Each structure stands twice: as structure tokens, then as C-alpha cells.
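Novice: Have a look at this one.
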Amino acid sequence: MIITREKALSTPQSMRHTVRRALRSSLLELSSGTKAELSDKLGISFPTVGKVLEQMKQEGEVTLLGLDESSGGRRANRYAFNPDYMLGLAVYYEKEQSVYTLFNWNGDLIER
């Protein structure tokens with residue numbers, strides 16, 4: 001079954017998933033960002049970015065780092081991806097021994 005771009009973005013759920021994935025990638029690439037910075041970078045409306053970021057924050061996927069310095073207006077919230085939101089597990093088996101490594105999204109070792 002082939003899914004076209006138009007079909008993939010045709011439902012609100014698929015669009016939300018696409019926006020979330022784009023935000024996740026941008027936050028990993030930039031290390032942090034404000035709603036305005038992410039909106040400009042991705043070409044997604046400011047309200048949409050804000051709504052999806054708030055959902056991600058409530059679920060623990062992003063964290064609020066604090067407020068940026070004021071540039072004359074309201075100070076912007078700065079968000080960052082929470083590297084411990086999802087963890088990775090690598091397991092290696094060899095004859096009578098098994099070794100595992102647990103790591104976060106930044107690749108930091110949590111347990112071995």
C-alpha cells in the first residue's frame with residue numbers, strides 16, 4: 001500500500017503526528033527553542049506549535065527551561081527535548097554471556 005503525502009497529512013491525527021515529529025527533530029538539532037523560533041524554522045503556525053509543545057510538555061517529552069531575556073515584549077518560554085523521555089536498550093549475546101546497555105536520547109549511558 002502506497003501512502004501519498006496528501007493522504008498522510010489528510011487527518012488531524014496524522015498532521016499532529018507530523019508536527020510533533022518535526023518539533024522533536026528541531027529540538028534535538030537546536031538543543032532548545034522558543035515557540036517563535038520553532039514556528040519560523042518549521043514554517044508551522046505559532047498557535048499550532050504552541051498547542052503541540054504544550055501537549056508534549058504535559059506528557060514529559062519536552063521540558064520548560066525558563067524564560068528568555070526580554071527583547072521589549074513578553075519574555076518567551078524556552079523549551080528543550082527531555083532526553084530521558086524515551087530510553088534505548090542494546091543487548092549483546094555471546095555464548096554464555098549477555099551484555100546490555102541502557103541509554104537516553106542523547107546517547108548518555110544510564111546503566112550497563
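Identifiers in the C-alpha cells: chain A, B, ... in order shown; residue index from 1 per chain; ligand index from 1 in order shown.
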Could you give me, as a PyMOL selection string, each residue of chain A that DSSP assigns to helix (DSSP H, G or I) when run on this structure's backbone?

Specialist: chain A and resi 5-8+12-30+35-42+46-58

Novice: Tell me, as a list of chain:residue names, which residues lie within 12 Å of Leu42 in chain A, counting only C-alpha atoms; anything in the same chain fewer than 3 positions away does not count.

Specialist: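 Selected residues are A:Thr18, A:Val19, A:Arg20, A:Arg21, A:Ala22, A:Leu23, A:Arg24, A:Ser25, A:Ser26, A:Leu27, A:Gly33, A:Lys35, A:Ala36, A:Glu37, A:Leu38, A:Ser39, A:Ser45, A:Phe46, A:Thr48, A:Val49.
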
Novice: Record the distance separating CA of Arg16 in chain A and CA of Gly66 in chain A, expressed in Å with one decimal.

Specialist: 25.0 Å

Novice: Suppose you want the space between CA of Val62 in chain A and CA of Tyr85 in chain A; what is it in Å?

Specialist: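 Answer for the CA of Val62 in chain A to CA of Tyr85 in chain A separation: 8.1 Å.
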
Novice: As a list in words, please: the residues near Leu28 in chain A (cut-off 9 Å, only C-alpha atoms, same-chain neighbours under 4 positions excluded).

Specialist: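 Within the cut-off, the hits are Leu23, Arg24, Ser32, Ala80, Phe81, Pro83, Trp105 and Asn106 of chain A.
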
Novice: Dump all heavy atoms for the selected residues as a JSON list (two decimals), in the first residue's frame?

Specialist:
[["chain", "number", "residue", "atom", "x", "y", "z"],
["A", 23, "LEU", "N", 8.89, 18.94, 15.45],
["A", 23, "LEU", "CA", 9.32, 19.65, 16.66],
["A", 23, "LEU", "C", 10.40, 18.87, 17.40],
["A", 23, "LEU", "O", 11.40, 19.43, 17.85],
["A", 23, "LEU", "CB", 8.14, 19.91, 17.59],
["A", 23, "LEU", "CG", 7.19, 21.02, 17.16],
["A", 23, "LEU", "CD1", 5.94, 21.02, 18.03],
["A", 23, "LEU", "CD2", 7.88, 22.37, 17.22],
["A", 24, "ARG", "N", 10.20, 17.57, 17.52],
["A", 24, "ARG", "CA", 11.18, 16.71, 18.20],
["A", 24, "ARG", "C", 12.54, 16.81, 17.49],
["A", 24, "ARG", "O", 13.57, 17.00, 18.12],
["A", 24, "ARG", "CB", 10.68, 15.27, 18.21],
["A", 24, "ARG", "CG", 11.56, 14.31, 18.99],
["A", 24, "ARG", "CD", 11.01, 12.89, 18.94],
["A", 24, "ARG", "NE", 9.68, 12.78, 19.48],
["A", 24, "ARG", "CZ", 8.64, 12.25, 18.85],
["A", 24, "ARG", "NH1", 8.77, 11.76, 17.62],
["A", 24, "ARG", "NH2", 7.46, 12.19, 19.42],
["A", 32, "SER", "N", 17.50, 23.62, 22.10],
["A", 32, "SER", "CA", 16.38, 24.31, 22.75],
["A", 32, "SER", "C", 15.78, 25.30, 21.76],
["A", 32, "SER", "O", 16.39, 25.62, 20.74],
["A", 32, "SER", "CB", 16.83, 25.04, 24.01],
["A", 32, "SER", "OG", 17.62, 26.16, 23.69],
["A", 80, "ALA", "N", 13.10, 22.51, 25.70],
["A", 80, "ALA", "CA", 14.13, 21.57, 25.28],
["A", 80, "ALA", "C", 13.54, 20.17, 25.31],
["A", 80, "ALA", "O", 12.63, 19.88, 26.10],
["A", 80, "ALA", "CB", 15.35, 21.66, 26.19],
["A", 81, "PHE", "N", 14.07, 19.30, 24.47],
["A", 81, "PHE", "CA", 13.64, 17.91, 24.46],
["A", 81, "PHE", "C", 14.16, 17.23, 25.72],
["A", 81, "PHE", "O", 15.30, 17.43, 26.12],
["A", 81, "PHE", "CB", 14.18, 17.20, 23.21],
["A", 81, "PHE", "CG", 13.70, 15.79, 23.06],
["A", 81, "PHE", "CD1", 12.42, 15.53, 22.67],
["A", 81, "PHE", "CD2", 14.54, 14.74, 23.35],
["A", 81, "PHE", "CE1", 11.96, 14.23, 22.56],
["A", 81, "PHE", "CE2", 14.10, 13.44, 23.24],
["A", 81, "PHE", "CZ", 12.80, 13.19, 22.84],
["A", 83, "PRO", "N", 15.73, 14.27, 27.25],
["A", 83, "PRO", "CA", 16.44, 13.09, 26.74],
["A", 83, "PRO", "C", 16.06, 11.80, 27.46],
["A", 83, "PRO", "O", 16.31, 10.72, 26.94],
["A", 83, "PRO", "CB", 17.91, 13.43, 26.95],
["A", 83, "PRO", "CG", 17.93, 14.45, 28.03],
["A", 83, "PRO", "CD", 16.63, 15.22, 27.89],
["A", 105, "TRP", "N", 18.19, 9.51, 24.89],
["A", 105, "TRP", "CA", 18.19, 10.02, 23.51],
["A", 105, "TRP", "C", 19.48, 10.75, 23.16],
["A", 105, "TRP", "O", 19.83, 10.88, 22.00],
["A", 105, "TRP", "CB", 17.00, 10.94, 23.29],
["A", 105, "TRP", "CG", 15.78, 10.22, 22.89],
["A", 105, "TRP", "CD1", 15.08, 9.33, 23.65],
["A", 105, "TRP", "CD2", 15.10, 10.30, 21.65],
["A", 105, "TRP", "NE1", 14.01, 8.86, 22.95],
["A", 105, "TRP", "CE2", 13.99, 9.44, 21.72],
["A", 105, "TRP", "CE3", 15.32, 11.01, 20.49],
["A", 105, "TRP", "CZ2", 13.11, 9.29, 20.67],
["A", 105, "TRP", "CZ3", 14.43, 10.86, 19.44],
["A", 105, "TRP", "CH2", 13.34, 10.00, 19.54],
["A", 106, "ASN", "N", 20.19, 11.29, 24.16],
["A", 106, "ASN", "CA", 21.46, 11.96, 23.89],
["A", 106, "ASN", "C", 22.61, 10.97, 23.76],
["A", 106, "ASN", "O", 23.73, 11.35, 23.48],
["A", 106, "ASN", "CB", 21.79, 12.95, 25.00],
["A", 106, "ASN", "CG", 20.90, 14.17, 24.96],
["A", 106, "ASN", "OD1", 20.29, 14.47, 23.94],
["A", 106, "ASN", "ND2", 20.82, 14.88, 26.07]]

Novice: Between A:Met86, A:Leu64, A:Lys95, A:Asn77, which residue has the minimum interatomic distance to Ile110 in chain A, considering only C-alpha atoms?

Specialist: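 Comparing A:Met86, A:Leu64, A:Lys95, A:Asn77 against Ile110 in chain A, the winner is A:Met86.
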
Novice: Work out how far apart CA of Ser31 in chain A and CA of Thr63 in chain A are and give it in Å to one decimal.

Specialist: 11.4 Å

Novice: With distances taken over only C-alpha atoms, which of A:Glu96, A:Glu54, A:Asp108, A:Glu29 is nearest to Asp84 in chain A?

Specialist: A:Asp108

Novice: I'd like to know which residues of chain A are strand (DSSP E or B) (by DSSP, run on the backbone); could you write them as a CSV table (one decimal) with N, CA and C atoms, in the first residue's frame?

Specialist:
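As a result, states-v1.csv now contains:
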chain,number,residue,atom,x,y,z
A,33,GLY,N,14.6,25.8,22.1
A,33,GLY,CA,14.0,26.8,21.2
A,33,GLY,C,12.7,27.3,21.8
A,34,THR,N,12.3,28.5,21.3
A,34,THR,CA,11.1,29.1,21.8
A,34,THR,C,10.0,28.8,20.7
A,62,VAL,N,9.0,17.2,26.5
A,62,VAL,CA,9.8,18.4,26.5
A,62,VAL,C,9.7,19.0,27.9
A,63,THR,N,10.8,19.8,28.2
A,63,THR,CA,10.8,20.5,29.5
A,63,THR,C,10.9,22.0,29.2
A,64,LEU,N,10.4,22.7,30.1
A,64,LEU,CA,10.5,24.2,30.1
A,64,LEU,C,11.8,24.6,30.8
A,65,LEU,N,12.7,25.2,30.0
A,65,LEU,CA,14.0,25.6,30.6
A,65,LEU,C,13.9,26.9,31.4
A,66,GLY,N,12.9,27.8,31.0
A,66,GLY,CA,12.8,29.1,31.7
A,66,GLY,C,12.4,30.1,30.7
A,67,LEU,N,12.6,31.4,31.1
A,67,LEU,CA,12.2,32.5,30.2
A,67,LEU,C,13.5,33.1,29.6
A,77,ASN,N,9.1,31.6,26.6
A,77,ASN,CA,9.5,30.4,27.2
A,77,ASN,C,10.4,29.6,26.3
A,78,ARG,N,11.5,29.0,26.9
A,78,ARG,CA,12.4,28.2,26.1
A,78,ARG,C,12.2,26.8,26.5
A,79,TYR,N,12.0,25.9,25.4
A,79,TYR,CA,11.8,24.5,25.6
A,79,TYR,C,13.0,23.7,25.1
A,80,ALA,N,13.1,22.5,25.7
A,80,ALA,CA,14.1,21.6,25.3
A,80,ALA,C,13.5,20.2,25.3
A,81,PHE,N,14.1,19.3,24.5
A,81,PHE,CA,13.6,17.9,24.5
A,81,PHE,C,14.2,17.2,25.7
A,87,LEU,N,14.0,5.8,26.4
A,87,LEU,CA,15.3,5.2,26.6
A,87,LEU,C,15.6,4.1,25.5
A,88,GLY,N,16.8,3.9,25.3
A,88,GLY,CA,17.2,2.8,24.3
A,88,GLY,C,17.9,1.7,25.1
A,89,LEU,N,17.8,0.5,24.5
A,89,LEU,CA,18.4,-0.7,25.1
A,89,LEU,C,19.1,-1.5,24.0
A,90,ALA,N,20.4,-1.7,24.2
A,90,ALA,CA,21.2,-2.5,23.3
A,90,ALA,C,21.6,-3.8,24.1
A,91,VAL,N,21.3,-4.9,23.5
A,91,VAL,CA,21.7,-6.2,24.1
A,91,VAL,C,22.6,-7.0,23.2
A,92,TYR,N,23.6,-7.6,23.8
A,92,TYR,CA,24.6,-8.3,23.0
A,92,TYR,C,24.7,-9.7,23.7
A,93,TYR,N,24.4,-10.8,22.9
A,93,TYR,CA,24.6,-12.1,23.4
A,93,TYR,C,25.8,-12.8,22.8
A,94,GLU,N,26.6,-13.5,23.7
A,94,GLU,CA,27.7,-14.2,23.1
A,94,GLU,C,27.9,-15.5,24.0
A,97,GLN,N,27.3,-15.5,27.8
A,97,GLN,CA,27.3,-14.1,28.4
A,97,GLN,C,26.4,-13.2,27.6
A,98,SER,N,25.7,-12.4,28.4
A,98,SER,CA,24.9,-11.3,27.7
A,98,SER,C,25.3,-10.0,28.4
A,99,VAL,N,25.4,-9.0,27.5
A,99,VAL,CA,25.7,-7.6,28.0
A,99,VAL,C,24.6,-6.7,27.5
A,100,TYR,N,24.2,-5.7,28.3
A,100,TYR,CA,23.2,-4.8,27.9
A,100,TYR,C,23.7,-3.4,28.2
A,101,THR,N,23.2,-2.4,27.5
A,101,THR,CA,23.5,-1.0,27.8
A,101,THR,C,22.1,-0.3,27.6
A,102,LEU,N,21.8,0.5,28.6
A,102,LEU,CA,20.7,1.4,28.7
A,102,LEU,C,21.1,2.8,28.5
A,103,PHE,N,20.5,3.5,27.5
A,103,PHE,CA,21.0,4.9,27.2
A,103,PHE,C,19.8,5.8,26.9
A,104,ASN,N,20.0,7.1,27.0
A,104,ASN,CA,18.9,8.1,26.7
A,104,ASN,C,19.1,8.6,25.3
A,109,LEU,N,25.1,7.1,28.8
A,109,LEU,CA,24.9,5.8,29.4
A,109,LEU,C,24.2,6.0,30.7
A,110,ILE,N,23.2,5.1,30.9
A,110,ILE,CA,22.4,5.1,32.1
A,110,ILE,C,22.8,3.9,33.0
A,111,GLU,N,22.9,2.8,32.3
A,111,GLU,CA,23.3,1.6,33.1
A,111,GLU,C,23.9,0.6,32.1
